[in-house]
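Colleague: Can you read through this structure? Questions will come right after.
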There are 2 protein chains.
Amino acid sequence: MLDDLDRNLLEILVRDARTSLKELAAQVGLSSPSVSERLRRLEERGVIRAFTVEIDPLALGYTLQAIVRIRPLPGKLHIVQKLIEEIAEFGECDKVTGDDCFVARLFVRSIGDLDGILDRIADKAETSTAIIKAQPIRRRPPPLGARSAPSS
Amino acid sequence: MLDDLDRNLLEILVRDARTSLKELAAQVGLSSPSVSERLRRLEERGVIRAFTVEIDPLALGYTLQAIVRIRPLPGKLHIVQKLIEEIAEFGECDKVTGDDCFVARLFVRSIGDLDGILDRIADKAETSTAIIKAQPIRRRPPPLGARSAPSS
DNA sequence: CTGAAATGCTTGACGATCTCGACCGAAATC
DNA sequence: GATTTCGGTCGAGATCGTCAAGCATTTCAG
């Protein structure tokens, strides 16, 4: 479904999404229209979800990040989920197996803000919060290397 | 440090990093060279960390994601951190306060792969794994809205 | 108060880039 | 073995980005 050329293109684009078609074409050994067509299809198929820009939260004043585990009280699951989605400071949220129903990432500008946000959930769920001290690995895509055999 | 124009530009670029200078200029009411200059400085200052492309892990065969909490055994912290960094399937890792030292995101193609990777850490750390069932909020930047007052 | 320097913007022209249509060749289909 | 389809190249026209020059506003020194 994805050939080496596609993977190659993705790899280059992950590093710099502004690489010109011409440059891409040169690096994978194709003409620019071909590259353009491949990109179009990668987008169409949803392989490329978006061209975006990564912003440093610090530059926006968000000096604190936390991982919050959230266990909604009985019957409150949907209300809690909706609440999380509405709070813009949640920068990521996964619904997981196990006792903790949600694991979320929170961007805040101060401990006070953190407290304020958690308060809004406190009466609907139990939370455990871990402050992020460092980021050994910042968001990166999974390995683009060769696909394993599908169902064959 | 960031004015409304900058925030506006960032907002547009987060949605689509390929927006042309001309289009950006039109939307914020400036000329393209001005926009170009602003972007240059946003990058220079590190506000824009990168132009990148968001890839669907599923398209690469990674059908499973997990959140893994990792508690290194005494004295093994650095070895564990290094190990995590080297395993490409870890798509994110934060060092946090509390009992769990690291919280990491793992992309795998099968439960078997998950087991294989956790095995590599098993003799150096305790781990708790939660399989991701759904993603109510996918990675998004913190609110770009007005900055709070700095140290004034 | 005056003048100079710095900042941030606009304009217009040039060069590079992207896009579109026409055409071609290999591989799969019937 | 002919035909269709898919993915590729080439070249022209349109679009876009970049650069230099110039202008207005603000800031600061004299």
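Residues in the structure tokens are numbered from 1 in each chain, the chains being A, B, ... in the order shown, and ligands are numbered from 1 in the order shown.
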Mind the document's chain letters and residue numbers, and return as number ranges by chain the residues of chain A that DSSP labels helix (DSSP H, G or I).
Modeller: A: 4-15, 21-28, 32-44, 57-60, 77-86, 111-122
Colleague: Let's have chain B fitted on chain A; use all the C-alpha atoms paired in order for the least-squares step and return it as a short mmCIF file (atom, residue, chain, number, x, y, z; two decimals) with N, CA and C atoms, in the first residue's frame.
Modeller:
```
data_model
loop_
_atom_site.label_atom_id
_atom_site.label_comp_id
_atom_site.auth_asym_id
_atom_site.auth_seq_id
_atom_site.Cartn_x
_atom_site.Cartn_y
_atom_site.Cartn_z
N MET B 1 0.94 -1.28 -0.01
CA MET B 1 0.11 -0.06 -0.04
C MET B 1 0.95 1.22 -0.05
N LEU B 2 2.03 1.18 0.68
CA LEU B 2 3.00 2.29 0.64
C LEU B 2 4.31 1.75 0.10
N ASP B 3 4.87 2.37 -0.91
CA ASP B 3 6.15 1.86 -1.38
C ASP B 3 7.30 2.69 -0.81
N ASP B 4 8.51 2.30 -1.17
CA ASP B 4 9.68 2.96 -0.62
C ASP B 4 9.70 4.45 -0.92
N LEU B 5 9.27 4.79 -2.14
CA LEU B 5 9.24 6.20 -2.52
C LEU B 5 8.34 7.00 -1.59
N ASP B 6 7.16 6.45 -1.33
CA ASP B 6 6.23 7.14 -0.44
C ASP B 6 6.85 7.32 0.94
N ARG B 7 7.41 6.27 1.46
CA ARG B 7 8.02 6.35 2.79
C ARG B 7 9.12 7.39 2.82
N ASN B 8 9.87 7.40 1.74
CA ASN B 8 10.94 8.38 1.62
C ASN B 8 10.40 9.80 1.65
N LEU B 9 9.36 10.02 0.90
CA LEU B 9 8.73 11.34 0.87
C LEU B 9 8.23 11.72 2.26
N LEU B 10 7.57 10.80 2.92
CA LEU B 10 7.04 11.08 4.25
C LEU B 10 8.16 11.47 5.21
N GLU B 11 9.24 10.73 5.11
CA GLU B 11 10.35 10.99 6.01
C GLU B 11 10.89 12.41 5.83
N ILE B 12 11.02 12.80 4.57
CA ILE B 12 11.51 14.15 4.30
C ILE B 12 10.52 15.19 4.81
N LEU B 13 9.25 14.95 4.58
CA LEU B 13 8.23 15.93 4.95
C LEU B 13 8.07 16.04 6.47
N VAL B 14 8.27 14.95 7.18
CA VAL B 14 8.18 15.01 8.63
C VAL B 14 9.26 15.96 9.16
N ARG B 15 10.42 15.88 8.53
CA ARG B 15 11.51 16.76 8.95
C ARG B 15 11.24 18.20 8.55
N ASP B 16 10.73 18.40 7.35
CA ASP B 16 10.42 19.76 6.90
C ASP B 16 9.30 19.75 5.88
N ALA B 17 8.15 20.14 6.34
CA ALA B 17 6.95 20.06 5.49
C ALA B 17 6.97 21.09 4.38
N ARG B 18 7.94 21.99 4.43
CA ARG B 18 7.97 23.02 3.38
C ARG B 18 8.89 22.67 2.23
N THR B 19 9.51 21.50 2.31
CA THR B 19 10.35 21.07 1.20
C THR B 19 9.58 21.20 -0.11
N SER B 20 10.19 21.84 -1.08
CA SER B 20 9.49 22.07 -2.34
C SER B 20 9.35 20.78 -3.13
N LEU B 21 8.39 20.75 -4.01
CA LEU B 21 8.19 19.58 -4.87
C LEU B 21 9.47 19.28 -5.63
N LYS B 22 10.08 20.33 -6.10
CA LYS B 22 11.30 20.16 -6.88
C LYS B 22 12.37 19.43 -6.06
N GLU B 23 12.54 19.91 -4.84
CA GLU B 23 13.53 19.31 -3.95
C GLU B 23 13.16 17.86 -3.63
N LEU B 24 11.90 17.63 -3.33
CA LEU B 24 11.44 16.27 -3.06
C LEU B 24 11.73 15.39 -4.27
N ALA B 25 11.37 15.90 -5.44
CA ALA B 25 11.56 15.14 -6.67
C ALA B 25 13.03 14.76 -6.83
N ALA B 26 13.90 15.71 -6.59
CA ALA B 26 15.33 15.44 -6.73
C ALA B 26 15.77 14.36 -5.76
N GLN B 27 15.27 14.42 -4.54
CA GLN B 27 15.75 13.49 -3.51
C GLN B 27 15.25 12.06 -3.71
N VAL B 28 14.09 11.92 -4.31
CA VAL B 28 13.60 10.56 -4.52
C VAL B 28 13.79 10.09 -5.96
N GLY B 29 14.26 11.00 -6.82
CA GLY B 29 14.52 10.61 -8.20
C GLY B 29 13.27 10.52 -9.07
N LEU B 30 12.40 11.49 -8.92
CA LEU B 30 11.19 11.55 -9.75
C LEU B 30 11.03 12.98 -10.27
N SER B 31 10.02 13.19 -11.08
CA SER B 31 9.73 14.56 -11.52
C SER B 31 8.73 15.18 -10.54
N SER B 32 8.65 16.49 -10.56
CA SER B 32 7.76 17.13 -9.59
C SER B 32 6.29 16.78 -9.77
N PRO B 33 5.78 16.70 -10.98
CA PRO B 33 4.37 16.31 -11.08
C PRO B 33 4.09 14.94 -10.46
N SER B 34 5.03 14.02 -10.60
CA SER B 34 4.84 12.70 -10.00
C SER B 34 4.78 12.80 -8.49
N VAL B 35 5.69 13.57 -7.95
CA VAL B 35 5.69 13.75 -6.49
C VAL B 35 4.37 14.39 -6.07
N SER B 36 3.98 15.39 -6.81
CA SER B 36 2.73 16.07 -6.49
C SER B 36 1.57 15.08 -6.44
N GLU B 37 1.52 14.22 -7.42
CA GLU B 37 0.45 13.22 -7.50
C GLU B 37 0.52 12.26 -6.31
N ARG B 38 1.71 11.85 -5.98
CA ARG B 38 1.85 10.94 -4.84
C ARG B 38 1.39 11.61 -3.55
N LEU B 39 1.77 12.85 -3.37
CA LEU B 39 1.34 13.55 -2.16
C LEU B 39 -0.18 13.68 -2.13
N ARG B 40 -0.74 14.00 -3.28
CA ARG B 40 -2.19 14.14 -3.35
C ARG B 40 -2.86 12.85 -2.86
N ARG B 41 -2.31 11.73 -3.32
CA ARG B 41 -2.94 10.47 -2.95
C ARG B 41 -2.67 10.09 -1.51
N LEU B 42 -1.51 10.43 -1.01
CA LEU B 42 -1.22 10.17 0.40
C LEU B 42 -2.19 10.95 1.29
N GLU B 43 -2.51 12.15 0.85
CA GLU B 43 -3.47 12.93 1.63
C GLU B 43 -4.86 12.34 1.48
N GLU B 44 -5.20 12.02 0.26
CA GLU B 44 -6.53 11.47 -0.03
C GLU B 44 -6.79 10.22 0.79
N ARG B 45 -5.75 9.38 0.88
CA ARG B 45 -5.91 8.13 1.61
C ARG B 45 -5.84 8.34 3.12
N GLY B 46 -5.50 9.55 3.53
CA GLY B 46 -5.43 9.81 4.95
C GLY B 46 -4.11 9.42 5.60
N VAL B 47 -3.15 9.03 4.79
CA VAL B 47 -1.84 8.71 5.35
C VAL B 47 -1.23 9.98 5.92
N ILE B 48 -1.28 11.03 5.12
CA ILE B 48 -0.91 12.35 5.64
C ILE B 48 -2.18 12.98 6.18
N ARG B 49 -2.18 13.17 7.48
CA ARG B 49 -3.40 13.67 8.11
C ARG B 49 -3.47 15.18 7.98
N ALA B 50 -2.32 15.82 8.03
CA ALA B 50 -2.31 17.28 7.95
C ALA B 50 -0.91 17.80 7.77
N PHE B 51 -0.82 18.94 7.13
CA PHE B 51 0.40 19.73 7.14
C PHE B 51 0.22 20.73 8.26
N THR B 52 1.13 20.73 9.19
CA THR B 52 0.92 21.61 10.34
C THR B 52 2.24 22.17 10.84
N VAL B 53 2.10 22.96 11.88
CA VAL B 53 3.24 23.65 12.41
C VAL B 53 3.32 23.31 13.89
N GLU B 54 4.52 23.03 14.37
CA GLU B 54 4.67 22.65 15.77
C GLU B 54 5.05 23.88 16.57
N ILE B 55 4.27 24.19 17.56
CA ILE B 55 4.48 25.41 18.32
C ILE B 55 5.04 25.10 19.69
N ASP B 56 5.98 25.90 20.13
CA ASP B 56 6.56 25.74 21.45
C ASP B 56 5.60 26.33 22.48
N PRO B 57 5.05 25.49 23.36
CA PRO B 57 4.07 25.99 24.34
C PRO B 57 4.67 27.10 25.21
N LEU B 58 5.95 26.98 25.48
CA LEU B 58 6.64 27.96 26.30
C LEU B 58 6.50 29.36 25.70
N ALA B 59 6.57 29.44 24.39
CA ALA B 59 6.49 30.74 23.72
C ALA B 59 5.13 31.38 23.93
N LEU B 60 4.15 30.57 24.28
CA LEU B 60 2.81 31.09 24.51
C LEU B 60 2.55 31.29 26.00
N GLY B 61 3.57 31.06 26.77
CA GLY B 61 3.42 31.29 28.20
C GLY B 61 3.04 30.04 28.99
N TYR B 62 2.93 28.92 28.32
CA TYR B 62 2.58 27.69 29.03
C TYR B 62 3.85 27.06 29.57
N THR B 63 4.16 27.40 30.79
CA THR B 63 5.43 27.00 31.37
C THR B 63 5.35 25.65 32.05
N LEU B 64 4.14 25.12 32.11
CA LEU B 64 3.94 23.89 32.87
C LEU B 64 3.11 22.90 32.05
N GLN B 65 3.56 21.64 32.07
CA GLN B 65 2.75 20.60 31.46
C GLN B 65 2.55 19.50 32.49
N ALA B 66 1.41 18.85 32.39
CA ALA B 66 1.14 17.76 33.32
C ALA B 66 0.44 16.62 32.60
N ILE B 67 0.66 15.41 33.10
CA ILE B 67 -0.10 14.26 32.65
C ILE B 67 -1.15 13.99 33.72
N VAL B 68 -2.40 13.98 33.31
CA VAL B 68 -3.47 13.78 34.27
C VAL B 68 -4.21 12.48 33.95
N ARG B 69 -4.31 11.62 34.94
CA ARG B 69 -5.10 10.41 34.77
C ARG B 69 -6.47 10.67 35.39
N ILE B 70 -7.48 10.36 34.66
CA ILE B 70 -8.83 10.75 35.05
C ILE B 70 -9.76 9.55 35.14
N ARG B 71 -10.34 9.36 36.30
CA ARG B 71 -11.27 8.25 36.50
C ARG B 71 -12.65 8.81 36.85
N PRO B 72 -13.53 8.89 35.88
CA PRO B 72 -14.86 9.47 36.11
C PRO B 72 -15.62 8.69 37.18
N LEU B 73 -16.41 9.39 37.95
CA LEU B 73 -17.27 8.72 38.93
C LEU B 73 -18.35 7.97 38.17
N PRO B 74 -18.93 6.96 38.81
CA PRO B 74 -19.94 6.15 38.13
C PRO B 74 -21.00 7.01 37.46
N GLY B 75 -21.26 6.72 36.18
CA GLY B 75 -22.31 7.42 35.46
C GLY B 75 -21.89 8.76 34.87
N LYS B 76 -20.66 9.18 35.19
CA LYS B 76 -20.25 10.52 34.73
C LYS B 76 -19.31 10.49 33.53
N LEU B 77 -19.12 9.31 32.99
CA LEU B 77 -18.12 9.19 31.93
C LEU B 77 -18.32 10.18 30.80
N HIS B 78 -19.51 10.24 30.28
CA HIS B 78 -19.73 11.10 29.13
C HIS B 78 -19.62 12.58 29.46
N ILE B 79 -20.12 12.93 30.63
CA ILE B 79 -20.01 14.34 31.03
C ILE B 79 -18.55 14.73 31.16
N VAL B 80 -17.77 13.82 31.75
CA VAL B 80 -16.36 14.11 31.94
C VAL B 80 -15.65 14.24 30.59
N GLN B 81 -15.93 13.32 29.70
CA GLN B 81 -15.27 13.38 28.39
C GLN B 81 -15.59 14.69 27.67
N LYS B 82 -16.85 15.07 27.74
CA LYS B 82 -17.25 16.32 27.10
C LYS B 82 -16.51 17.50 27.72
N LEU B 83 -16.43 17.48 29.03
CA LEU B 83 -15.76 18.55 29.76
C LEU B 83 -14.29 18.68 29.33
N ILE B 84 -13.65 17.53 29.26
CA ILE B 84 -12.24 17.53 28.85
C ILE B 84 -12.07 18.14 27.46
N GLU B 85 -12.95 17.71 26.57
CA GLU B 85 -12.84 18.22 25.19
C GLU B 85 -13.02 19.72 25.13
N GLU B 86 -13.83 20.23 26.03
CA GLU B 86 -14.13 21.66 25.98
C GLU B 86 -13.03 22.51 26.61
N ILE B 87 -12.23 21.90 27.43
CA ILE B 87 -11.16 22.68 28.07
C ILE B 87 -9.95 22.69 27.15
N ALA B 88 -9.69 23.85 26.59
CA ALA B 88 -8.67 23.95 25.53
C ALA B 88 -7.27 23.64 26.03
N GLU B 89 -7.06 23.74 27.32
CA GLU B 89 -5.73 23.47 27.85
C GLU B 89 -5.36 21.99 27.77
N PHE B 90 -6.34 21.13 27.59
CA PHE B 90 -6.02 19.73 27.35
C PHE B 90 -5.49 19.60 25.93
N GLY B 91 -4.25 19.21 25.81
CA GLY B 91 -3.62 19.18 24.50
C GLY B 91 -3.60 17.80 23.89
N GLU B 92 -4.24 16.87 24.58
CA GLU B 92 -4.20 15.49 24.12
C GLU B 92 -4.99 14.68 25.14
N CYS B 93 -5.72 13.71 24.68
CA CYS B 93 -6.44 12.85 25.63
C CYS B 93 -6.70 11.50 25.01
N ASP B 94 -6.34 10.45 25.74
CA ASP B 94 -6.56 9.10 25.27
C ASP B 94 -7.47 8.36 26.24
N LYS B 95 -8.36 7.59 25.66
CA LYS B 95 -9.23 6.73 26.47
C LYS B 95 -8.56 5.37 26.53
N VAL B 96 -8.27 4.90 27.72
CA VAL B 96 -7.47 3.69 27.84
C VAL B 96 -8.14 2.60 28.66
N THR B 97 -7.61 1.41 28.53
CA THR B 97 -8.05 0.29 29.36
C THR B 97 -7.49 0.50 30.77
N GLY B 98 -8.06 -0.21 31.71
CA GLY B 98 -7.55 -0.14 33.07
C GLY B 98 -8.38 0.77 33.94
N ASP B 99 -7.92 0.98 35.16
CA ASP B 99 -8.69 1.77 36.12
C ASP B 99 -8.83 3.22 35.69
N ASP B 100 -7.72 3.78 35.21
CA ASP B 100 -7.79 5.16 34.74
C ASP B 100 -8.48 5.12 33.40
N CYS B 101 -9.52 5.86 33.29
CA CYS B 101 -10.26 5.82 32.04
C CYS B 101 -9.62 6.69 30.98
N PHE B 102 -9.16 7.87 31.40
CA PHE B 102 -8.53 8.79 30.46
C PHE B 102 -7.12 9.16 30.92
N VAL B 103 -6.25 9.34 29.95
CA VAL B 103 -4.94 9.92 30.25
C VAL B 103 -4.81 11.15 29.36
N ALA B 104 -4.56 12.28 29.99
CA ALA B 104 -4.57 13.52 29.23
C ALA B 104 -3.34 14.37 29.51
N ARG B 105 -3.01 15.20 28.54
CA ARG B 105 -1.90 16.15 28.70
C ARG B 105 -2.48 17.54 28.88
N LEU B 106 -1.95 18.23 29.85
CA LEU B 106 -2.48 19.54 30.19
C LEU B 106 -1.40 20.60 30.04
N PHE B 107 -1.72 21.67 29.32
CA PHE B 107 -0.82 22.82 29.22
C PHE B 107 -1.35 23.92 30.13
N VAL B 108 -0.53 24.40 31.04
CA VAL B 108 -0.97 25.52 31.89
C VAL B 108 0.15 26.54 32.07
N ARG B 109 -0.27 27.74 32.48
CA ARG B 109 0.71 28.81 32.64
C ARG B 109 1.21 28.92 34.07
N SER B 110 0.52 28.25 34.97
CA SER B 110 0.93 28.33 36.37
C SER B 110 0.27 27.21 37.16
N ILE B 111 0.80 26.96 38.34
CA ILE B 111 0.20 25.96 39.21
C ILE B 111 -1.24 26.35 39.54
N GLY B 112 -1.44 27.65 39.66
CA GLY B 112 -2.79 28.13 39.94
C GLY B 112 -3.78 27.70 38.86
N ASP B 113 -3.38 27.87 37.62
CA ASP B 113 -4.24 27.46 36.51
C ASP B 113 -4.52 25.97 36.57
N LEU B 114 -3.47 25.21 36.88
CA LEU B 114 -3.62 23.76 36.99
C LEU B 114 -4.71 23.43 38.00
N ASP B 115 -4.59 24.07 39.15
CA ASP B 115 -5.56 23.83 40.21
C ASP B 115 -6.96 24.20 39.76
N GLY B 116 -7.05 25.34 39.10
CA GLY B 116 -8.36 25.79 38.62
C GLY B 116 -9.01 24.80 37.69
N ILE B 117 -8.22 24.27 36.79
CA ILE B 117 -8.78 23.32 35.82
C ILE B 117 -9.18 22.00 36.48
N LEU B 118 -8.31 21.51 37.35
CA LEU B 118 -8.63 20.24 38.01
C LEU B 118 -9.88 20.38 38.88
N ASP B 119 -10.05 21.56 39.44
CA ASP B 119 -11.25 21.81 40.24
C ASP B 119 -12.52 21.62 39.43
N ARG B 120 -12.45 21.98 38.18
CA ARG B 120 -13.65 21.88 37.34
C ARG B 120 -14.06 20.43 37.11
N ILE B 121 -13.11 19.52 37.33
CA ILE B 121 -13.41 18.11 37.11
C ILE B 121 -13.65 17.39 38.42
N ALA B 122 -13.17 17.99 39.49
CA ALA B 122 -13.08 17.31 40.79
C ALA B 122 -14.38 16.66 41.24
N ASP B 123 -15.52 17.27 40.93
CA ASP B 123 -16.77 16.71 41.43
C ASP B 123 -17.36 15.66 40.50
N LYS B 124 -16.66 15.37 39.42
CA LYS B 124 -17.17 14.38 38.47
C LYS B 124 -16.21 13.22 38.25
N ALA B 125 -14.98 13.38 38.77
CA ALA B 125 -13.99 12.32 38.54
C ALA B 125 -12.83 12.42 39.54
N GLU B 126 -12.19 11.29 39.74
CA GLU B 126 -10.94 11.31 40.51
C GLU B 126 -9.80 11.53 39.54
N THR B 127 -8.83 12.32 39.97
CA THR B 127 -7.70 12.57 39.08
C THR B 127 -6.37 12.35 39.80
N SER B 128 -5.38 11.88 39.05
CA SER B 128 -4.01 11.85 39.57
C SER B 128 -3.16 12.65 38.61
N THR B 129 -2.41 13.57 39.13
CA THR B 129 -1.65 14.47 38.28
C THR B 129 -0.16 14.29 38.46
N ALA B 130 0.55 14.23 37.36
CA ALA B 130 2.00 14.16 37.41
C ALA B 130 2.56 15.31 36.59
N ILE B 131 3.34 16.14 37.23
CA ILE B 131 3.95 17.28 36.56
C ILE B 131 5.08 16.79 35.67
N ILE B 132 5.17 17.34 34.47
CA ILE B 132 6.24 16.94 33.57
C ILE B 132 7.50 17.73 33.88
N LYS B 133 8.57 16.99 34.15
CA LYS B 133 9.84 17.63 34.52
C LYS B 133 10.76 17.76 33.32
N ALA B 134 10.58 16.87 32.36
CA ALA B 134 11.45 16.88 31.18
C ALA B 134 10.80 16.05 30.10
N GLN B 135 11.24 16.25 28.87
CA GLN B 135 10.66 15.49 27.76
C GLN B 135 11.76 14.76 27.00
N PRO B 136 12.11 13.58 27.47
CA PRO B 136 13.16 12.81 26.80
C PRO B 136 12.84 12.58 25.33
N ILE B 137 11.59 12.34 25.01
CA ILE B 137 11.20 12.18 23.61
C ILE B 137 10.00 13.06 23.33
N ARG B 138 10.19 13.99 22.41
CA ARG B 138 9.05 14.81 22.01
C ARG B 138 8.36 14.12 20.85
N ARG B 139 7.08 14.38 20.71
CA ARG B 139 6.25 13.77 19.69
C ARG B 139 7.02 13.44 18.41
N ARG B 140 6.99 12.21 18.04
CA ARG B 140 7.60 11.79 16.78
C ARG B 140 6.77 10.66 16.20
N PRO B 141 6.83 10.51 14.89
CA PRO B 141 6.01 9.46 14.28
C PRO B 141 6.64 8.10 14.52
N PRO B 142 5.86 7.04 14.40
CA PRO B 142 6.42 5.69 14.51
C PRO B 142 7.37 5.46 13.36
N PRO B 143 8.21 4.43 13.48
CA PRO B 143 9.18 4.15 12.41
C PRO B 143 8.48 3.98 11.06
N LEU B 144 9.06 4.58 10.03
CA LEU B 144 8.45 4.49 8.70
C LEU B 144 8.97 3.29 7.93
N GLY B 145 9.90 2.59 8.55
CA GLY B 145 10.55 1.45 7.88
C GLY B 145 9.57 0.44 7.31
N ALA B 146 10.10 -0.50 6.57
CA ALA B 146 9.31 -1.49 5.82
C ALA B 146 8.13 -2.03 6.62
N ARG B 147 7.01 -2.13 5.93
CA ARG B 147 5.79 -2.69 6.51
C ARG B 147 5.97 -4.18 6.79
N SER B 148 5.33 -4.62 7.84
CA SER B 148 5.29 -6.06 8.07
C SER B 148 4.25 -6.67 7.14
N ALA B 149 4.34 -7.95 6.92
CA ALA B 149 3.41 -8.61 6.02
C ALA B 149 1.97 -8.44 6.52
N PRO B 150 1.06 -8.03 5.63
CA PRO B 150 -0.35 -7.90 6.00
C PRO B 150 -0.98 -9.29 6.15
N SER B 151 -2.29 -9.38 5.95
CA SER B 151 -2.97 -10.65 6.11
C SER B 151 -2.80 -11.52 4.87
N SER B 152 -1.65 -12.08 4.69
CA SER B 152 -1.42 -12.92 3.51
C SER B 152 -0.91 -14.28 3.92
#
```
Colleague: Which parts of chain A does DSSP call strand (DSSP E) when run on the backbone here, written out as a ChimeraX atom specification?
Modeller: /A:48-55,64-72,90-96,102-108,125-137
Colleague: Write a file of the selected residues as a short mmCIF file (atom, residue, chain, number, x, y, z; two decimals), in the first residue's frame, keeping N, CA and C atoms.
Modeller:
```
data_model
loop_
_atom_site.label_atom_id
_atom_site.label_comp_id
_atom_site.auth_asym_id
_atom_site.auth_seq_id
_atom_site.Cartn_x
_atom_site.Cartn_y
_atom_site.Cartn_z
N ILE A 48 -1.28 11.06 5.14
CA ILE A 48 -0.90 12.37 5.66
C ILE A 48 -2.16 13.01 6.21
N ARG A 49 -2.16 13.20 7.50
CA ARG A 49 -3.38 13.70 8.12
C ARG A 49 -3.46 15.21 8.00
N ALA A 50 -2.30 15.84 8.03
CA ALA A 50 -2.29 17.31 7.94
C ALA A 50 -0.88 17.83 7.77
N PHE A 51 -0.78 18.97 7.12
CA PHE A 51 0.44 19.75 7.14
C PHE A 51 0.25 20.76 8.25
N THR A 52 1.15 20.76 9.19
CA THR A 52 0.95 21.64 10.33
C THR A 52 2.27 22.21 10.83
N VAL A 53 2.13 22.99 11.87
CA VAL A 53 3.27 23.69 12.40
C VAL A 53 3.34 23.36 13.88
N GLU A 54 4.55 23.07 14.35
CA GLU A 54 4.70 22.69 15.75
C GLU A 54 5.07 23.92 16.54
N ILE A 55 4.27 24.23 17.53
CA ILE A 55 4.49 25.45 18.29
C ILE A 55 5.05 25.14 19.67
N LEU A 64 4.13 25.11 32.10
CA LEU A 64 3.93 23.89 32.85
C LEU A 64 3.11 22.90 32.03
N GLN A 65 3.55 21.64 32.06
CA GLN A 65 2.74 20.60 31.45
C GLN A 65 2.53 19.50 32.47
N ALA A 66 1.41 18.84 32.37
CA ALA A 66 1.13 17.75 33.30
C ALA A 66 0.44 16.61 32.57
N ILE A 67 0.66 15.41 33.08
CA ILE A 67 -0.10 14.25 32.62
C ILE A 67 -1.15 13.97 33.69
N VAL A 68 -2.39 13.97 33.29
CA VAL A 68 -3.47 13.77 34.24
C VAL A 68 -4.20 12.48 33.93
N ARG A 69 -4.30 11.62 34.94
CA ARG A 69 -5.08 10.39 34.77
C ARG A 69 -6.45 10.66 35.37
N ILE A 70 -7.49 10.32 34.64
CA ILE A 70 -8.83 10.72 35.04
C ILE A 70 -9.76 9.51 35.12
N ARG A 71 -10.34 9.33 36.28
CA ARG A 71 -11.27 8.22 36.47
C ARG A 71 -12.65 8.77 36.81
N PRO A 72 -13.53 8.84 35.84
CA PRO A 72 -14.85 9.42 36.08
C PRO A 72 -15.61 8.64 37.14
N PHE A 90 -6.35 21.14 27.58
CA PHE A 90 -6.02 19.73 27.34
C PHE A 90 -5.50 19.61 25.92
N GLY A 91 -4.25 19.22 25.80
CA GLY A 91 -3.62 19.20 24.49
C GLY A 91 -3.61 17.82 23.87
N GLU A 92 -4.25 16.88 24.55
CA GLU A 92 -4.20 15.50 24.10
C GLU A 92 -4.99 14.68 25.11
N CYS A 93 -5.74 13.71 24.66
CA CYS A 93 -6.45 12.86 25.61
C CYS A 93 -6.71 11.50 24.99
N ASP A 94 -6.34 10.47 25.71
CA ASP A 94 -6.56 9.10 25.25
C ASP A 94 -7.48 8.36 26.21
N LYS A 95 -8.34 7.58 25.64
CA LYS A 95 -9.21 6.73 26.44
C LYS A 95 -8.55 5.36 26.50
N VAL A 96 -8.28 4.91 27.69
CA VAL A 96 -7.47 3.69 27.81
C VAL A 96 -8.14 2.60 28.64
N PHE A 102 -9.17 7.86 31.37
CA PHE A 102 -8.53 8.79 30.44
C PHE A 102 -7.11 9.15 30.91
N VAL A 103 -6.26 9.33 29.94
CA VAL A 103 -4.94 9.90 30.24
C VAL A 103 -4.82 11.13 29.36
N ALA A 104 -4.56 12.28 29.97
CA ALA A 104 -4.57 13.52 29.20
C ALA A 104 -3.33 14.36 29.49
N ARG A 105 -3.01 15.19 28.50
CA ARG A 105 -1.91 16.14 28.67
C ARG A 105 -2.49 17.53 28.86
N LEU A 106 -1.95 18.22 29.84
CA LEU A 106 -2.49 19.54 30.18
C LEU A 106 -1.40 20.60 30.04
N PHE A 107 -1.74 21.68 29.31
CA PHE A 107 -0.83 22.83 29.21
C PHE A 107 -1.34 23.93 30.12
N VAL A 108 -0.55 24.41 31.03
CA VAL A 108 -0.98 25.53 31.87
C VAL A 108 0.14 26.54 32.05
N ALA A 125 -14.97 13.34 38.75
CA ALA A 125 -13.98 12.28 38.54
C ALA A 125 -12.84 12.39 39.52
N GLU A 126 -12.18 11.27 39.74
CA GLU A 126 -10.94 11.28 40.50
C GLU A 126 -9.79 11.50 39.53
N THR A 127 -8.83 12.29 39.94
CA THR A 127 -7.69 12.55 39.06
C THR A 127 -6.38 12.32 39.79
N SER A 128 -5.38 11.86 39.03
CA SER A 128 -4.00 11.84 39.55
C SER A 128 -3.16 12.62 38.58
N THR A 129 -2.41 13.54 39.12
CA THR A 129 -1.65 14.45 38.26
C THR A 129 -0.16 14.26 38.44
N ALA A 130 0.54 14.21 37.34
CA ALA A 130 2.00 14.13 37.39
C ALA A 130 2.56 15.29 36.58
N ILE A 131 3.35 16.13 37.23
CA ILE A 131 3.96 17.27 36.54
C ILE A 131 5.10 16.78 35.66
N ILE A 132 5.17 17.33 34.47
CA ILE A 132 6.24 16.94 33.55
C ILE A 132 7.50 17.73 33.86
N LYS A 133 8.57 16.99 34.13
CA LYS A 133 9.83 17.62 34.49
C LYS A 133 10.75 17.76 33.30
N ALA A 134 10.58 16.87 32.34
CA ALA A 134 11.45 16.88 31.16
C ALA A 134 10.79 16.05 30.07
N GLN A 135 11.22 16.26 28.85
CA GLN A 135 10.66 15.49 27.74
C GLN A 135 11.75 14.77 26.98
N PRO A 136 12.10 13.58 27.45
CA PRO A 136 13.16 12.80 26.78
C PRO A 136 12.84 12.58 25.30
N ILE A 137 11.58 12.33 24.99
CA ILE A 137 11.19 12.18 23.59
C ILE A 137 10.00 13.06 23.31
#
```
Colleague: If I take C1' of DC23 in chain C and C1' of DC6 in chain D, how far is one from the other in Å, to one decimal?
Modeller: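 Spanning C1' of DC23 in chain C to C1' of DC6 in chain D is a straight-line distance of 14.2 Å.
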Colleague: May I have the residues within 10 Å of range 23-28 of chain D as an NGL selection string, using only C-alpha atoms (C1' of nucleotides) and disregarding those fewer than 6 positions away in the same chain?
Modeller: :C and (4-10)
